[in-house]
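*Asks:* Just so it is clear, I am handing over query.txt, which has compact mmCIF, C-alpha atoms.
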```txt
# COMPACT_ATOMS: atom_id res chain seq x y z
CA MET A 1 83.64 120.62 118.85
CA THR A 2 85.36 117.33 117.99
CA MET A 3 87.69 117.41 114.99
CA VAL A 4 89.77 114.80 113.21
CA ASP A 5 91.87 114.41 110.09
CA LEU A 6 91.33 111.58 107.60
CA VAL A 7 94.52 110.30 105.97
CA ALA A 8 95.49 107.32 103.83
CA ASP A 9 98.61 105.84 102.27
CA VAL A 10 98.54 106.63 98.54
CA GLY A 11 100.84 106.55 95.54
CA GLU A 12 101.75 102.93 96.21
CA SER A 13 101.59 101.73 92.62
CA PHE A 14 104.93 100.93 90.96
CA GLY A 15 105.73 100.70 87.26
CA ALA A 16 103.18 98.44 85.61
CA TYR A 17 101.73 97.36 88.97
CA ARG A 18 98.64 99.15 90.25
CA LEU A 19 97.62 99.21 93.92
CA GLY A 20 94.51 100.90 95.27
CA ASP A 21 92.05 103.37 93.77
CA ASP A 22 93.76 106.61 94.74
CA VAL A 23 91.49 108.82 92.63
CA ALA A 24 88.34 107.71 94.46
CA LEU A 25 90.04 107.53 97.86
CA LEU A 26 91.41 111.08 97.66
CA ASP A 27 87.86 112.41 97.50
CA VAL A 28 87.34 111.17 101.08
CA LEU A 29 90.59 112.47 102.59
CA THR A 30 91.90 115.68 104.10
CA SER A 31 95.55 114.49 104.13
CA ALA A 32 97.62 111.95 102.20
CA ASN A 33 100.74 109.91 102.97
CA VAL A 34 102.59 109.63 99.66
CA ALA A 35 104.96 106.71 99.10
CA CYS A 36 108.46 107.94 98.27
CA GLY A 37 109.90 105.06 96.23
CA PHE A 38 111.50 102.84 98.88
CA HIS A 39 108.55 100.52 99.58
CA ALA A 40 106.31 101.59 96.70
CA GLY A 41 105.80 104.42 94.27
CA ASP A 42 108.03 105.63 91.45
CA PRO A 43 108.72 109.08 89.97
CA ARG A 44 105.69 109.02 87.68
CA VAL A 45 103.38 107.80 90.43
CA MET A 46 104.73 110.36 92.92
CA ASP A 47 104.29 113.16 90.36
CA SER A 48 100.69 112.28 89.49
CA THR A 49 99.72 111.62 93.12
CA VAL A 50 101.02 114.96 94.35
CA ALA A 51 99.29 116.69 91.42
CA GLN A 52 95.96 115.15 92.39
CA CYS A 53 96.44 116.15 96.03
CA ALA A 54 97.26 119.72 95.01
CA GLU A 55 94.17 119.93 92.80
CA ARG A 56 91.96 118.86 95.71
CA GLY A 57 93.68 120.93 98.41
CA ILE A 58 94.73 117.78 100.29
CA ALA A 59 97.73 118.07 102.63
CA VAL A 60 100.72 116.18 101.22
CA GLY A 61 102.79 114.08 103.59
CA ALA A 62 105.93 112.01 103.08
CA HIS A 63 105.62 108.28 103.81
CA PRO A 64 109.24 107.09 104.07
CA SER A 65 110.09 103.43 104.48
CA PHE A 66 112.91 100.99 104.82
CA PRO A 67 114.56 100.38 101.41
CA ASP A 68 112.43 97.25 100.98
CA LEU A 69 110.55 97.31 97.68
CA VAL A 70 110.27 93.52 97.59
CA GLY A 71 108.79 93.29 101.08
CA PHE A 72 106.66 96.44 100.81
CA GLY A 73 108.53 97.92 103.76
CA ARG A 74 107.08 95.40 106.17
CA ARG A 75 110.32 93.59 107.04
CA THR A 76 112.69 94.58 109.84
CA MET A 77 116.00 96.08 108.71
CA ASP A 78 118.88 96.49 111.16
CA LEU A 79 120.01 100.03 110.30
CA THR A 80 122.03 102.58 112.25
CA ARG A 81 120.57 105.87 113.40
CA ASP A 82 122.53 107.69 110.68
CA GLU A 83 121.34 105.28 107.99
CA ILE A 84 117.72 105.75 109.02
CA CYS A 85 118.15 109.52 108.99
CA SER A 86 119.75 109.65 105.55
CA ASP A 87 117.19 107.23 104.06
CA VAL A 88 114.33 109.35 105.37
CA LEU A 89 115.96 112.60 104.18
CA TYR A 90 116.45 111.10 100.72
CA GLN A 91 112.77 110.19 100.43
CA VAL A 92 111.44 113.46 101.82
CA GLY A 93 113.71 115.37 99.47
CA ALA A 94 112.40 113.46 96.46
CA LEU A 95 108.80 114.18 97.39
CA HIS A 96 109.66 117.83 98.07
CA ALA A 97 110.64 118.32 94.42
CA PHE A 98 107.23 117.13 93.21
CA ALA A 99 105.40 119.19 95.84
CA VAL A 100 107.18 122.38 94.79
CA SER A 101 106.56 121.66 91.12
CA HIS A 102 102.81 121.50 91.80
CA GLY A 103 102.68 124.62 93.95
CA THR A 104 102.26 122.89 97.28
CA ARG A 105 104.48 121.78 100.18
CA ILE A 106 105.07 118.81 102.42
CA SER A 107 103.02 119.17 105.60
CA HIS A 108 103.98 116.05 107.54
CA VAL A 109 106.10 112.92 107.77
CA THR A 110 104.81 109.53 108.86
CA PRO A 111 107.05 106.44 108.68
CA HIS A 112 105.63 103.44 106.83
CA GLY A 113 105.24 99.79 107.72
CA ARG A 114 107.84 98.15 109.92
CA LEU A 115 109.71 101.43 110.35
CA GLY A 116 106.47 102.97 111.58
CA ASN A 117 106.09 100.15 114.12
CA LEU A 118 109.66 100.36 115.39
CA VAL A 119 109.68 104.13 116.01
CA VAL A 120 106.98 103.56 118.63
CA THR A 121 109.18 101.33 120.79
CA ASP A 122 112.84 101.66 119.73
CA ASP A 123 114.93 104.79 120.33
CA ARG A 124 117.33 104.10 117.47
CA TYR A 125 114.61 104.19 114.83
CA ALA A 126 112.72 107.01 116.53
CA TYR A 127 115.82 109.20 116.71
CA GLY A 128 116.70 108.42 113.09
CA VAL A 129 113.34 109.67 111.83
CA LEU A 130 113.35 112.69 114.14
CA ASP A 131 116.90 113.60 113.06
CA ALA A 132 115.74 113.71 109.44
CA VAL A 133 112.80 115.98 110.25
CA LEU A 134 114.98 118.34 112.29
CA ARG A 135 117.56 118.54 109.50
CA TYR A 136 114.94 119.08 106.78
CA ASP A 137 112.26 121.26 108.39
CA ARG A 138 111.35 121.23 112.08
CA ASP A 139 107.97 122.79 111.21
CA LEU A 140 106.85 119.53 109.64
CA LEU A 141 104.28 117.57 111.62
CA ILE A 142 105.31 114.10 112.78
CA VAL A 143 102.47 111.60 112.47
CA THR A 144 102.78 108.49 114.62
CA GLN A 145 101.18 106.45 117.38
CA GLU A 146 101.89 107.35 120.99
CA GLY A 147 105.36 106.07 121.90
CA ARG A 148 109.04 106.94 121.62
CA LEU A 149 108.94 109.02 118.43
CA ALA A 150 106.05 111.08 119.79
CA GLU A 151 107.84 111.60 123.11
CA LEU A 152 111.15 112.58 121.53
CA ALA A 153 109.46 114.89 119.03
CA ARG A 154 107.65 116.74 121.81
CA GLU A 155 110.95 117.15 123.68
CA ALA A 156 112.39 118.70 120.50
CA GLU A 157 109.31 120.95 120.23
CA VAL A 158 108.14 119.35 117.01
CA ARG A 159 104.37 119.08 116.73
CA VAL A 160 102.97 115.55 116.90
CA VAL A 161 99.84 114.18 115.28
CA LEU A 162 98.60 111.03 117.03
CA LEU A 163 97.43 108.40 114.58
CA GLY A 164 94.53 106.00 115.00
CA LEU A 165 94.28 103.04 112.64
CA ALA A 166 90.76 102.38 111.49
CA ASP A 167 90.92 98.67 110.67
CA ARG A 168 93.91 97.39 112.63
CA ALA A 169 93.62 95.50 115.91
CA TYR A 170 95.51 96.78 118.97
CA ASN A 171 97.39 94.87 121.64
CA ALA A 172 96.74 95.72 125.29
CA ASP A 173 99.94 97.81 125.38
CA GLY A 174 98.70 100.02 122.54
CA THR A 175 100.90 98.51 119.82
CA LEU A 176 99.40 96.99 116.69
CA VAL A 177 98.70 93.28 116.41
CA SER A 178 101.19 91.80 113.95
CA ARG A 179 99.81 91.15 110.48
CA GLN A 180 101.15 87.61 110.88
CA ASN A 181 98.57 86.95 113.59
CA PRO A 182 94.87 86.22 113.06
CA GLY A 183 92.55 89.16 113.62
CA ALA A 184 95.21 91.77 112.88
CA VAL A 185 93.01 93.41 110.25
CA ILE A 186 89.35 94.04 111.08
CA THR A 187 87.07 93.35 108.12
CA ASP A 188 83.58 94.00 109.54
CA PRO A 189 82.64 97.49 108.22
CA ASP A 190 80.16 98.21 111.03
CA LEU A 191 82.74 97.33 113.66
CA VAL A 192 85.38 99.48 111.96
CA VAL A 193 83.07 102.50 111.86
CA ASP A 194 82.08 102.07 115.51
CA ARG A 195 85.74 101.76 116.57
CA VAL A 196 86.74 104.89 114.68
CA VAL A 197 83.93 106.99 116.16
CA ARG A 198 84.88 105.76 119.63
CA MET A 199 88.57 106.56 119.11
CA VAL A 200 87.81 110.05 117.88
CA ARG A 201 85.14 110.98 120.44
CA ASP A 202 86.31 109.06 123.51
CA GLY A 203 90.03 108.49 122.86
CA SER A 204 89.78 104.77 123.53
CA VAL A 205 89.58 101.43 121.74
CA VAL A 206 88.92 97.81 122.69
CA ALA A 207 92.13 95.78 122.41
CA ILE A 208 92.29 92.28 121.00
CA ASP A 209 92.14 90.79 124.52
CA GLY A 210 88.90 92.65 125.25
CA SER A 211 90.40 95.33 127.47
CA GLU A 212 89.68 99.01 126.90
CA ILE A 213 92.81 101.06 126.29
CA ALA A 214 93.57 104.72 125.66
CA ALA A 215 93.86 105.59 121.97
CA PRO A 216 94.02 109.38 121.54
CA CYS A 217 93.53 110.23 117.90
CA ASP A 218 94.16 113.40 115.87
CA SER A 219 94.14 111.61 112.51
CA VAL A 220 92.49 108.39 111.35
CA LEU A 221 94.43 106.22 108.90
CA LEU A 222 92.22 104.68 106.23
CA HIS A 223 93.77 101.85 104.25
CA GLY A 224 93.39 102.01 100.49
CA ASP A 225 95.00 98.72 99.43
CA THR A 226 92.38 96.23 100.62
CA PRO A 227 89.20 95.02 98.88
CA GLY A 228 86.30 97.45 99.40
CA SER A 229 88.63 100.06 100.92
CA VAL A 230 87.06 103.05 99.17
CA GLU A 231 83.56 102.06 100.25
CA LEU A 232 84.81 101.53 103.80
CA ALA A 233 86.50 104.93 103.81
CA GLN A 234 83.27 106.54 102.65
CA ARG A 235 81.32 104.77 105.41
CA ILE A 236 83.83 105.92 108.04
CA ARG A 237 83.50 109.52 106.92
CA GLN A 238 79.71 109.24 106.93
CA GLY A 239 79.82 107.72 110.43
CA LEU A 240 81.96 110.57 111.73
CA ASP A 241 79.69 113.14 110.11
CA ALA A 242 76.67 111.51 111.74
CA ALA A 243 78.46 111.61 115.12
CA GLY A 244 78.97 115.36 114.78
CA VAL A 245 82.70 115.16 114.14
CA THR A 246 84.27 117.87 111.98
CA ILE A 247 86.69 116.58 109.34
CA ALA A 248 89.69 118.86 108.77
CA PRO A 249 93.39 118.67 107.80
CA MET A 250 95.70 117.67 110.64
CA SER A 251 97.24 121.13 111.04
CA GLN A 252 93.78 122.57 111.70
CA VAL A 253 93.01 119.76 114.16
CA LEU A 254 96.16 120.54 116.16
CA ASP A 255 95.46 124.28 116.08
CA ALA A 256 91.94 123.69 117.41
CA ARG A 257 93.23 121.43 120.20
CA GLN A 258 95.80 124.06 121.18
CA ARG A 259 93.17 126.80 121.34
CA LEU A 260 90.96 124.57 123.47
CA SER A 261 93.85 123.82 125.83
CA VAL A 262 94.61 127.54 126.19
CA ASP A 263 90.95 128.33 126.85
CA ASN A 264 90.69 125.57 129.45
CA SER A 265 93.85 126.82 131.19
CA ALA A 266 92.43 130.33 131.27
CA ASP A 267 89.19 129.06 132.80
CA ARG A 268 91.09 127.36 135.62
CA THR A 269 93.04 130.48 136.59
```
Mind turning the file's structure into structure tokens?

*Replies:*
Amino acid sequence: MTMVDLVADVGESFGAYRLGDDVALLDVLTSANVACGFHAGDPRVMDSTVAQCAERGIAVGAHPSFPDLVGFGRRTMDLTRDEICSDVLYQVGALHAFAVSHGTRISHVTPHGRLGNLVVTDDRYAYGVLDAVLRYDRDLLIVTQEGRLAELAREAEVRVVLLGLADRAYNADGTLVSRQNPGAVITDPDLVVDRVVRMVRDGSVVAIDGSEIAAPCDSVLLHGDTPGSVELAQRIRQGLDAAGVTIAPMSQVLDARQRLSVDNSADRT
């Protein structure tokens, strides 16, 4: 049985500014990455977003960023390992208070934007995020693409959820095409659905140069801040259902993969 989690970045409104239709999007999801105030979100938005997740039984994850509200966390910041760690701890701690107040808990951490890109390739940023998780709660899941953070987390015996991005183009080395380049975001709904089903069932994706690359995927990231995003998310879920894929929270996906691995090992002995 093939299983996958559906997650999206939510709670990204700020003050009088509204971004995305979180209420409609949450009905499609099994997990949520909640902005923690550094790139988006504010105390009221965090509070209401966590409340809505708790009401629906959706897993709440922290979505820490560089302290870059103006740039939406998409600009590179030259921070030390300790600075990255303390910034992530600060954001996770803030979200923790809202989670507890609504009778739920933080299930995972996934770095946002440019920080999320850099942890894939740069040890300094990867260690900074991992340090924060180890200091806060090593039982948290780390959600990221395959790369340095995933490798270091496994070495530290922290469970890793591999992320597939539904509507983002991939380079041949498995990194994401920069948003500054044409074709970075895929807008054809049929193509997006086909790519997601292929990632989930086959663990592969066609890169921007036409090559087929490995893209193992435990969780699919659905964007909620683009035009038609809710409708696209609904179509992706329908496409996965039609392909016989079971949609479940990321912790259940990892548990199922572990049981399958144990069963396969037993069969070989």

*Asks:* Skip segment 116-122 of chain A itself and residues of its chain fewer than 2 positions away, then list as a PyMOL selection string all residues within 10 Å of it, counting all atoms listed in the file.

*Replies:* chain A and resi 63-66+73-74+76+110-114+124-130+143-151+174-176+178

*Asks:* Using only C-alpha atoms, which of the listed residues (A:Val158, A:Leu140, A:Ile213, A:Ala233) sits closest to Tyr170 of chain A?

*Replies:*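 Between A:Val158, A:Leu140, A:Ile213, A:Ala233, the residue approaching Tyr170 of chain A most closely is A:Ile213.
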
*Asks:* Please determine, counting only C-alpha atoms, which residue among A:Glu83, A:Val160, A:Asp173, A:Ala166 has the shortest atom-to-atom distance to Asp255 of chain A.

*Replies:*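 The shortest atom-to-atom distance to Asp255 of chain A comes from A:Val160.
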
*Asks:* Mind listing as a list in words all residues within 8 Å of (93.6, 106.6, 105.1), counting only C-alpha atoms?

*Replies:*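 Residues with an atom at most 8 Å from (93.6, 106.6, 105.1): Leu6, Val7, Ala8, Asp9, Leu29, Ala32, Val220, Leu221, Leu222, His223, Gly224 and Ala233 of chain A.
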
*Asks:* Go through A:His39, A:His108, A:His96, A:Arg159 and flag the residue nearest Gly61 of chain A, using all atoms listed in the file for the distances.

*Replies:* A:His108

*Asks:* Please, what distance in Å, to one decimal, runs between atom CA of Ala169 of chain A and atom CA of Ala153 of chain A?

*Replies:*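 It comes out at 25.2 Å.
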